[in-house]
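The block underneath contains the structure these notes are about, expressed in structure tokens.
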Amino acid sequence: MRISEKVIRVGLILMIALSFYFSYMIWLNPTGNSSGSEDTDTTVNPSVQTYKQKSDLFLPLYLSWQEDGEIKETNSETVIRAIQEEINQSSISDLTVKTYDDETDFAKATTLTQGISLSYYTSFYLEDYEETYDLDLSFNDKGEEDHLPFRRIQFDLNAHTIQFIDLEKNQVIEGSIDWDEAQVKSLLADNPREWTEMQQDDTENSNQFYTKDTIKLKKYSYYSSTQSQSLFREAFFNSPKDVKINDDSVDTYYYEGGQNMTVLQDQQLVKFETTISESEDVDLAMLSADYIKRLGNNFGTIRYFDQQDKHLEYRVFVEGYPVFSSGSQGVINVTFSDSGQTGSREMAISASLNAIQVPIPSETEVELPSSLTIKQNLLAAGAEPDQLGQIIVGYQWGEIKDAPLVNLTPEWYVNYDAQWISYDNLMEKLTEREEN
């Protein structure tokens, strides 16, 4: 046999051996299981490696524009992101904090004639906003910058000022802003999406805006899919390769180094628990975001939505609107509790395995009454005015039986008694209460 033929034969043998080896590594993934049952869900979505940015998670949720007596609003992420970029490049200085005891004085201090505002549906801390967008906020008094919540960022285009407004405490953080106002106005004027005309509530000293007329919004259908369990293992555990697995029962259990995760198969639900160290000065939203951002783009657009005490919600957004469901779909819940150990606390994350993926084009529209009409109907039905908060559009998740499809239908949602509930369900509860 010639030497060249021997070399070729040896080369072929080596190639075959390498092929078997790589097949073994890909399909059996021996490094993913240190003990216990073999993980049958070893496909790791590569997009997990591309984390979301906190600037995406904490992007303001809607923008209002007041000009020449008109009020317009948009949920366009493109426009909001563009305005936020202008803020990132600005210089913000001379910030001072003032709390108003009188509602009339507070309303007067926060009233705009020419300006814009970016808003959240819940409170966010100024120091976290500063960190998220790498801003350098300059206070007149250095002792004022810690633990300042706000819900609205307001820009007076006449006075060239910026305000961070806390509507619950009637508190305003006001300062000067140096930015390209001409560019800002150009971005607003070039918004490709239609603006929704708004009107201010005629209630005395109200800071709320309501849609002026009925609005039409498209229905959406999406293909849904079940996310890999490995997605959550890779995102949440500190050492994913060392995770042990127990799948002897209907549900699957993952555990490593004091962290554990349960996959409830019947409910298609993931529950993760861990103990985290923290200082008293760290906000819970920032702590939770360190985990949520690792899910990458597998759930589409996820944004910070609500926070009540030690419970936070991140929701899936479609076309700038939050998704709601009767179950766990469309929302990631994060709950904190004290662990009993100094400098640490327990964190629990729950999320659905089901996610919407690919949209199916639809021209079907739903016409919704004005939000001011919704408010008036609720008050007439016996809603308590002091418990009635924001009224927003959300998309209701409706699964199609025997098909991997989800219908998303626009509806009004109301923050009532610090809980988000659909208008129809709230009206039903109020009616039942009146009858009883």
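Residues are named by chain letter and number: chains run A, B, ... in the order of the structure tokens, numbers start at 1 in each chain, and ligands are numbered from 1 in the order shown.
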
Item checked: Non-local contacts of Gln268 in chain A (12 Å; only C-alpha atoms; under 2 positions in same chain excluded) as a VMD selection string -> chain A and resid 225 to 229 250 to 252 262 to 266 270 to 271 327 to 329 350 to 355

Margin query: Just want the 8 Å neighbourhood of Ala235 in chain A, counted on only C-alpha atoms, with same-chain residues fewer than 2 positions away dropped. Output as an MDAnalysis selection string.
Written below: chainID A and resid 48 231:233 237 291:292 294:295

Next item on the list: Please return as a count of residues only: the residues of range 62-107 of chain A that backbone DSSP assigns to helix (DSSP H, G or I).
Entry: 17

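Excluding range 316-318 of chain A itself and same-chain residues fewer than 3 positions from it, the residues having an atom within 8 Å of it are Phe299, Gly300, Thr301, Ile302, Arg303, Tyr321, Pro322, Val323, Gly330, Val331 and Tyr395 of chain A, counting only C-alpha atoms.
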
Can those selected residues be exported to a file as a short mmCIF file (atom, residue, chain, number, x, y, z; two decimals), in the first residue's frame so that it contains N, CA, C and O atoms?
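selection-v7.cif, written as the output of this step:
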```
data_model
loop_
_atom_site.label_atom_id
_atom_site.label_comp_id
_atom_site.auth_asym_id
_atom_site.auth_seq_id
_atom_site.Cartn_x
_atom_site.Cartn_y
_atom_site.Cartn_z
N PHE A 299 -38.73 36.25 24.39
CA PHE A 299 -40.11 36.61 24.66
C PHE A 299 -40.54 37.86 23.91
O PHE A 299 -41.60 38.43 24.20
N GLY A 300 -39.74 38.32 22.99
CA GLY A 300 -40.06 39.54 22.29
C GLY A 300 -39.72 40.75 23.15
O GLY A 300 -38.70 40.77 23.84
N THR A 301 -40.59 41.74 23.14
CA THR A 301 -40.36 42.97 23.90
C THR A 301 -40.87 42.82 25.33
O THR A 301 -42.06 42.66 25.55
N ILE A 302 -39.95 42.85 26.30
CA ILE A 302 -40.31 42.79 27.72
C ILE A 302 -39.96 44.13 28.34
O ILE A 302 -38.87 44.65 28.13
N ARG A 303 -40.91 44.69 29.13
CA ARG A 303 -40.63 45.98 29.75
C ARG A 303 -41.15 46.01 31.18
O ARG A 303 -42.11 45.32 31.54
N TYR A 321 -48.07 48.27 23.52
CA TYR A 321 -49.12 48.03 24.51
C TYR A 321 -48.84 46.74 25.28
O TYR A 321 -48.39 45.74 24.71
N PRO A 322 -49.14 46.71 26.59
CA PRO A 322 -48.88 45.52 27.40
C PRO A 322 -49.87 44.39 27.10
O PRO A 322 -51.02 44.63 26.72
N VAL A 323 -49.40 43.16 27.28
CA VAL A 323 -50.23 41.97 27.08
C VAL A 323 -50.71 41.46 28.43
O VAL A 323 -49.93 41.34 29.38
N GLY A 330 -47.57 36.12 29.18
CA GLY A 330 -47.36 37.54 28.91
C GLY A 330 -46.79 38.34 30.06
O GLY A 330 -46.56 39.54 29.90
N VAL A 331 -46.56 37.72 31.22
CA VAL A 331 -46.07 38.46 32.38
C VAL A 331 -45.00 37.65 33.09
O VAL A 331 -45.06 36.42 33.15
N TYR A 395 -53.54 44.37 25.48
CA TYR A 395 -53.97 43.30 24.58
C TYR A 395 -54.25 42.04 25.38
O TYR A 395 -53.40 41.56 26.12
#
```

Next item on the list: Find the spatial neighbours of Phe209 in chain A, counting only C-alpha atoms, within a cut-off of 8 Å - ignore same-chain residues fewer than 2 positions away - and output them as number ranges by chain.
Entry: A: 198-201, 207, 211

Would you mind exporting the chosen residues as a PDB file, in the first residue's frame, restricted to N, CA and C atoms?
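As a result, part-v3.pdb now contains:
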```pdb
ATOM      1  N   MET A 198     -55.784  63.614  22.968  1.00  0.00           N
ATOM      2  CA  MET A 198     -56.122  63.455  24.374  1.00  0.00           C
ATOM      3  C   MET A 198     -56.788  64.720  24.905  1.00  0.00           C
ATOM      4  N   GLN A 199     -57.406  64.579  26.069  1.00  0.00           N
ATOM      5  CA  GLN A 199     -57.954  65.736  26.758  1.00  0.00           C
ATOM      6  C   GLN A 199     -57.685  65.580  28.252  1.00  0.00           C
ATOM      7  N   GLN A 200     -57.561  66.700  28.912  1.00  0.00           N
ATOM      8  CA  GLN A 200     -57.311  66.668  30.345  1.00  0.00           C
ATOM      9  C   GLN A 200     -58.624  66.515  31.087  1.00  0.00           C
ATOM     10  N   ASP A 201     -58.590  65.699  32.143  1.00  0.00           N
ATOM     11  CA  ASP A 201     -59.781  65.515  32.964  1.00  0.00           C
ATOM     12  C   ASP A 201     -60.211  66.860  33.535  1.00  0.00           C
ATOM     13  N   ASN A 207     -54.093  65.611  37.000  1.00  0.00           N
ATOM     14  CA  ASN A 207     -52.913  65.465  36.144  1.00  0.00           C
ATOM     15  C   ASN A 207     -53.110  64.341  35.128  1.00  0.00           C
ATOM     16  N   THR A 211     -58.341  59.755  26.457  1.00  0.00           N
ATOM     17  CA  THR A 211     -58.565  59.832  25.012  1.00  0.00           C
ATOM     18  C   THR A 211     -59.808  60.665  24.732  1.00  0.00           C
TER      19      THR A 211
END
```

Next item on the list: Once DSSP has gone over the backbone, tell me which residues of range 173-228 of chain A are in strand (DSSP E), as JSON, numbers by chain.
Entry: {"A": [173, 174, 175, 176, 177, 178, 196, 197, 198, 199, 200, 209, 210, 211, 215, 216, 217, 218, 220, 221, 222, 223, 224, 225, 226]}

Give me the range 182-272 of chain A side of the contact with range 398-411 of chain A, cut-off 6 Å, one line per residue showing its nearest atom pair and distance in Å at one decimal, counting only C-alpha atoms, sorted by chain and residue number, as CSV.
```
residue,atom,partner,partner_atom,distance
A:Lys219,CA,A:Thr409,CA,5.1
A:Tyr220,CA,A:Leu408,CA,5.0
A:Ser221,CA,A:Asn407,CA,4.5
A:Tyr222,CA,A:Val406,CA,5.2
A:Tyr223,CA,A:Leu405,CA,4.6
A:Ser224,CA,A:Pro404,CA,5.4
```

For the residues selected in the previous step, produce a file with N, CA, C and O atoms as a JSON list (two decimals), in the first residue's frame.
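Below is the file that was written, selection08.json:
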```
[["chain", "number", "residue", "atom", "x", "y", "z"],
["A", 219, "LYS", "N", -56.48, 44.02, 15.78],
["A", 219, "LYS", "CA", -56.31, 42.75, 16.47],
["A", 219, "LYS", "C", -55.07, 42.08, 15.88],
["A", 219, "LYS", "O", -54.70, 42.34, 14.73],
["A", 220, "TYR", "N", -54.44, 41.23, 16.68],
["A", 220, "TYR", "CA", -53.27, 40.51, 16.20],
["A", 220, "TYR", "C", -53.42, 39.03, 16.49],
["A", 220, "TYR", "O", -54.07, 38.63, 17.46],
["A", 221, "SER", "N", -52.85, 38.24, 15.60],
["A", 221, "SER", "CA", -52.72, 36.80, 15.84],
["A", 221, "SER", "C", -51.23, 36.46, 15.77],
["A", 221, "SER", "O", -50.50, 36.99, 14.93],
["A", 222, "TYR", "N", -50.80, 35.61, 16.68],
["A", 222, "TYR", "CA", -49.40, 35.20, 16.74],
["A", 222, "TYR", "C", -49.30, 33.69, 16.83],
["A", 222, "TYR", "O", -50.13, 33.04, 17.48],
["A", 223, "TYR", "N", -48.29, 33.15, 16.17],
["A", 223, "TYR", "CA", -47.93, 31.77, 16.44],
["A", 223, "TYR", "C", -47.27, 31.73, 17.82],
["A", 223, "TYR", "O", -46.46, 32.59, 18.15],
["A", 224, "SER", "N", -47.66, 30.76, 18.61],
["A", 224, "SER", "CA", -47.07, 30.61, 19.94],
["A", 224, "SER", "C", -46.14, 29.41, 19.95],
["A", 224, "SER", "O", -46.24, 28.51, 19.10]]
```

Note to self: Which residues are close to range 129-140 of chain A, i.e. within 9 Å by only C-alpha atoms, leaving aside same-chain residues fewer than 5 positions away? Reply as number ranges by chain.
What the structure shows: A: 53-55, 58, 84-85, 87-97, 124, 145, 175, 286

Selection from above, N, CA and C atoms, as a PDB file, in the first residue's frame, can you write it?
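Generated file (part05.pdb):
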```
ATOM      1  N   GLN A  53     -30.716  44.880  27.116  1.00  0.00           N
ATOM      2  CA  GLN A  53     -30.140  45.989  27.845  1.00  0.00           C
ATOM      3  C   GLN A  53     -31.146  46.509  28.869  1.00  0.00           C
ATOM      4  N   LYS A  54     -30.659  46.997  29.994  1.00  0.00           N
ATOM      5  CA  LYS A  54     -31.567  47.590  30.966  1.00  0.00           C
ATOM      6  C   LYS A  54     -32.279  48.807  30.384  1.00  0.00           C
ATOM      7  N   SER A  55     -31.632  49.452  29.437  1.00  0.00           N
ATOM      8  CA  SER A  55     -32.259  50.606  28.784  1.00  0.00           C
ATOM      9  C   SER A  55     -33.480  50.194  27.976  1.00  0.00           C
ATOM     10  N   PHE A  58     -36.299  49.244  30.904  1.00  0.00           N
ATOM     11  CA  PHE A  58     -36.808  50.386  31.656  1.00  0.00           C
ATOM     12  C   PHE A  58     -37.155  51.588  30.774  1.00  0.00           C
ATOM     13  N   GLN A  84     -35.483  59.511  24.172  1.00  0.00           N
ATOM     14  CA  GLN A  84     -34.605  59.109  25.270  1.00  0.00           C
ATOM     15  C   GLN A  84     -33.139  59.259  24.882  1.00  0.00           C
ATOM     16  N   GLU A  85     -32.817  58.987  23.625  1.00  0.00           N
ATOM     17  CA  GLU A  85     -31.442  59.168  23.158  1.00  0.00           C
ATOM     18  C   GLU A  85     -31.026  60.634  23.233  1.00  0.00           C
ATOM     19  N   ILE A  87     -32.151  62.733  25.430  1.00  0.00           N
ATOM     20  CA  ILE A  87     -31.928  62.983  26.861  1.00  0.00           C
ATOM     21  C   ILE A  87     -30.551  62.467  27.265  1.00  0.00           C
ATOM     22  N   ASN A  88     -30.183  61.310  26.740  1.00  0.00           N
ATOM     23  CA  ASN A  88     -28.882  60.718  27.080  1.00  0.00           C
ATOM     24  C   ASN A  88     -27.725  61.642  26.711  1.00  0.00           C
ATOM     25  N   GLN A  89     -27.916  62.424  25.663  1.00  0.00           N
ATOM     26  CA  GLN A  89     -26.855  63.314  25.194  1.00  0.00           C
ATOM     27  C   GLN A  89     -26.968  64.720  25.771  1.00  0.00           C
ATOM     28  N   SER A  90     -27.930  64.937  26.635  1.00  0.00           N
ATOM     29  CA  SER A  90     -28.164  66.272  27.178  1.00  0.00           C
ATOM     30  C   SER A  90     -27.325  66.524  28.425  1.00  0.00           C
ATOM     31  N   SER A  91     -27.416  67.738  28.902  1.00  0.00           N
ATOM     32  CA  SER A  91     -26.796  68.120  30.176  1.00  0.00           C
ATOM     33  C   SER A  91     -27.905  68.574  31.116  1.00  0.00           C
ATOM     34  N   ILE A  92     -28.052  67.867  32.243  1.00  0.00           N
ATOM     35  CA  ILE A  92     -29.110  68.159  33.211  1.00  0.00           C
ATOM     36  C   ILE A  92     -28.457  68.649  34.501  1.00  0.00           C
ATOM     37  N   SER A  93     -28.845  69.830  34.946  1.00  0.00           N
ATOM     38  CA  SER A  93     -28.170  70.426  36.099  1.00  0.00           C
ATOM     39  C   SER A  93     -29.149  71.186  36.989  1.00  0.00           C
ATOM     40  N   ASP A  94     -28.616  71.639  38.125  1.00  0.00           N
ATOM     41  CA  ASP A  94     -29.352  72.490  39.075  1.00  0.00           C
ATOM     42  C   ASP A  94     -30.658  71.854  39.559  1.00  0.00           C
ATOM     43  N   LEU A  95     -30.642  70.545  39.776  1.00  0.00           N
ATOM     44  CA  LEU A  95     -31.849  69.855  40.228  1.00  0.00           C
ATOM     45  C   LEU A  95     -32.143  70.172  41.690  1.00  0.00           C
ATOM     46  N   THR A  96     -33.389  70.452  41.962  1.00  0.00           N
ATOM     47  CA  THR A  96     -33.856  70.685  43.330  1.00  0.00           C
ATOM     48  C   THR A  96     -35.134  69.889  43.549  1.00  0.00           C
ATOM     49  N   VAL A  97     -35.418  69.580  44.804  1.00  0.00           N
ATOM     50  CA  VAL A  97     -36.590  68.780  45.151  1.00  0.00           C
ATOM     51  C   VAL A  97     -37.581  69.626  45.927  1.00  0.00           C
ATOM     52  N   PHE A 124     -40.461  54.688  39.402  1.00  0.00           N
ATOM     53  CA  PHE A 124     -39.082  54.313  39.094  1.00  0.00           C
ATOM     54  C   PHE A 124     -38.195  55.286  39.857  1.00  0.00           C
ATOM     55  N   GLU A 145     -30.169  63.469  46.221  1.00  0.00           N
ATOM     56  CA  GLU A 145     -30.342  62.635  45.050  1.00  0.00           C
ATOM     57  C   GLU A 145     -30.742  61.196  45.321  1.00  0.00           C
ATOM     58  N   GLY A 175     -35.071  70.922  37.280  1.00  0.00           N
ATOM     59  CA  GLY A 175     -33.759  71.472  36.957  1.00  0.00           C
ATOM     60  C   GLY A 175     -33.720  71.993  35.532  1.00  0.00           C
ATOM     61  N   MET A 286     -33.760  47.091  39.873  1.00  0.00           N
ATOM     62  CA  MET A 286     -32.435  46.881  39.297  1.00  0.00           C
ATOM     63  C   MET A 286     -31.918  45.474  39.598  1.00  0.00           C
TER      64      MET A 286
END
```

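Shell of Leu378 in chain A at 9 Å, with only C-alpha atoms counted and residues fewer than 4 places along the chain excluded, is A:Thr373, A:Ile374, A:Gly382, A:Ala383, A:Glu384, A:Leu388, A:Tyr423, A:Leu426, A:Met427, A:Leu430.
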
Next item on the list: Would you mind reading off the distance between CA of Glu127 in chain A and CA of His147 in chain A, one decimal, in Å?
Entry: 7.0 Å

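For the residues A:Asn333, A:Asn425, A:Asn298, A:Thr110, ranking by smallest atom-to-atom distance to Tyr51 in chain A using only C-alpha atoms places A:Asn298 first.
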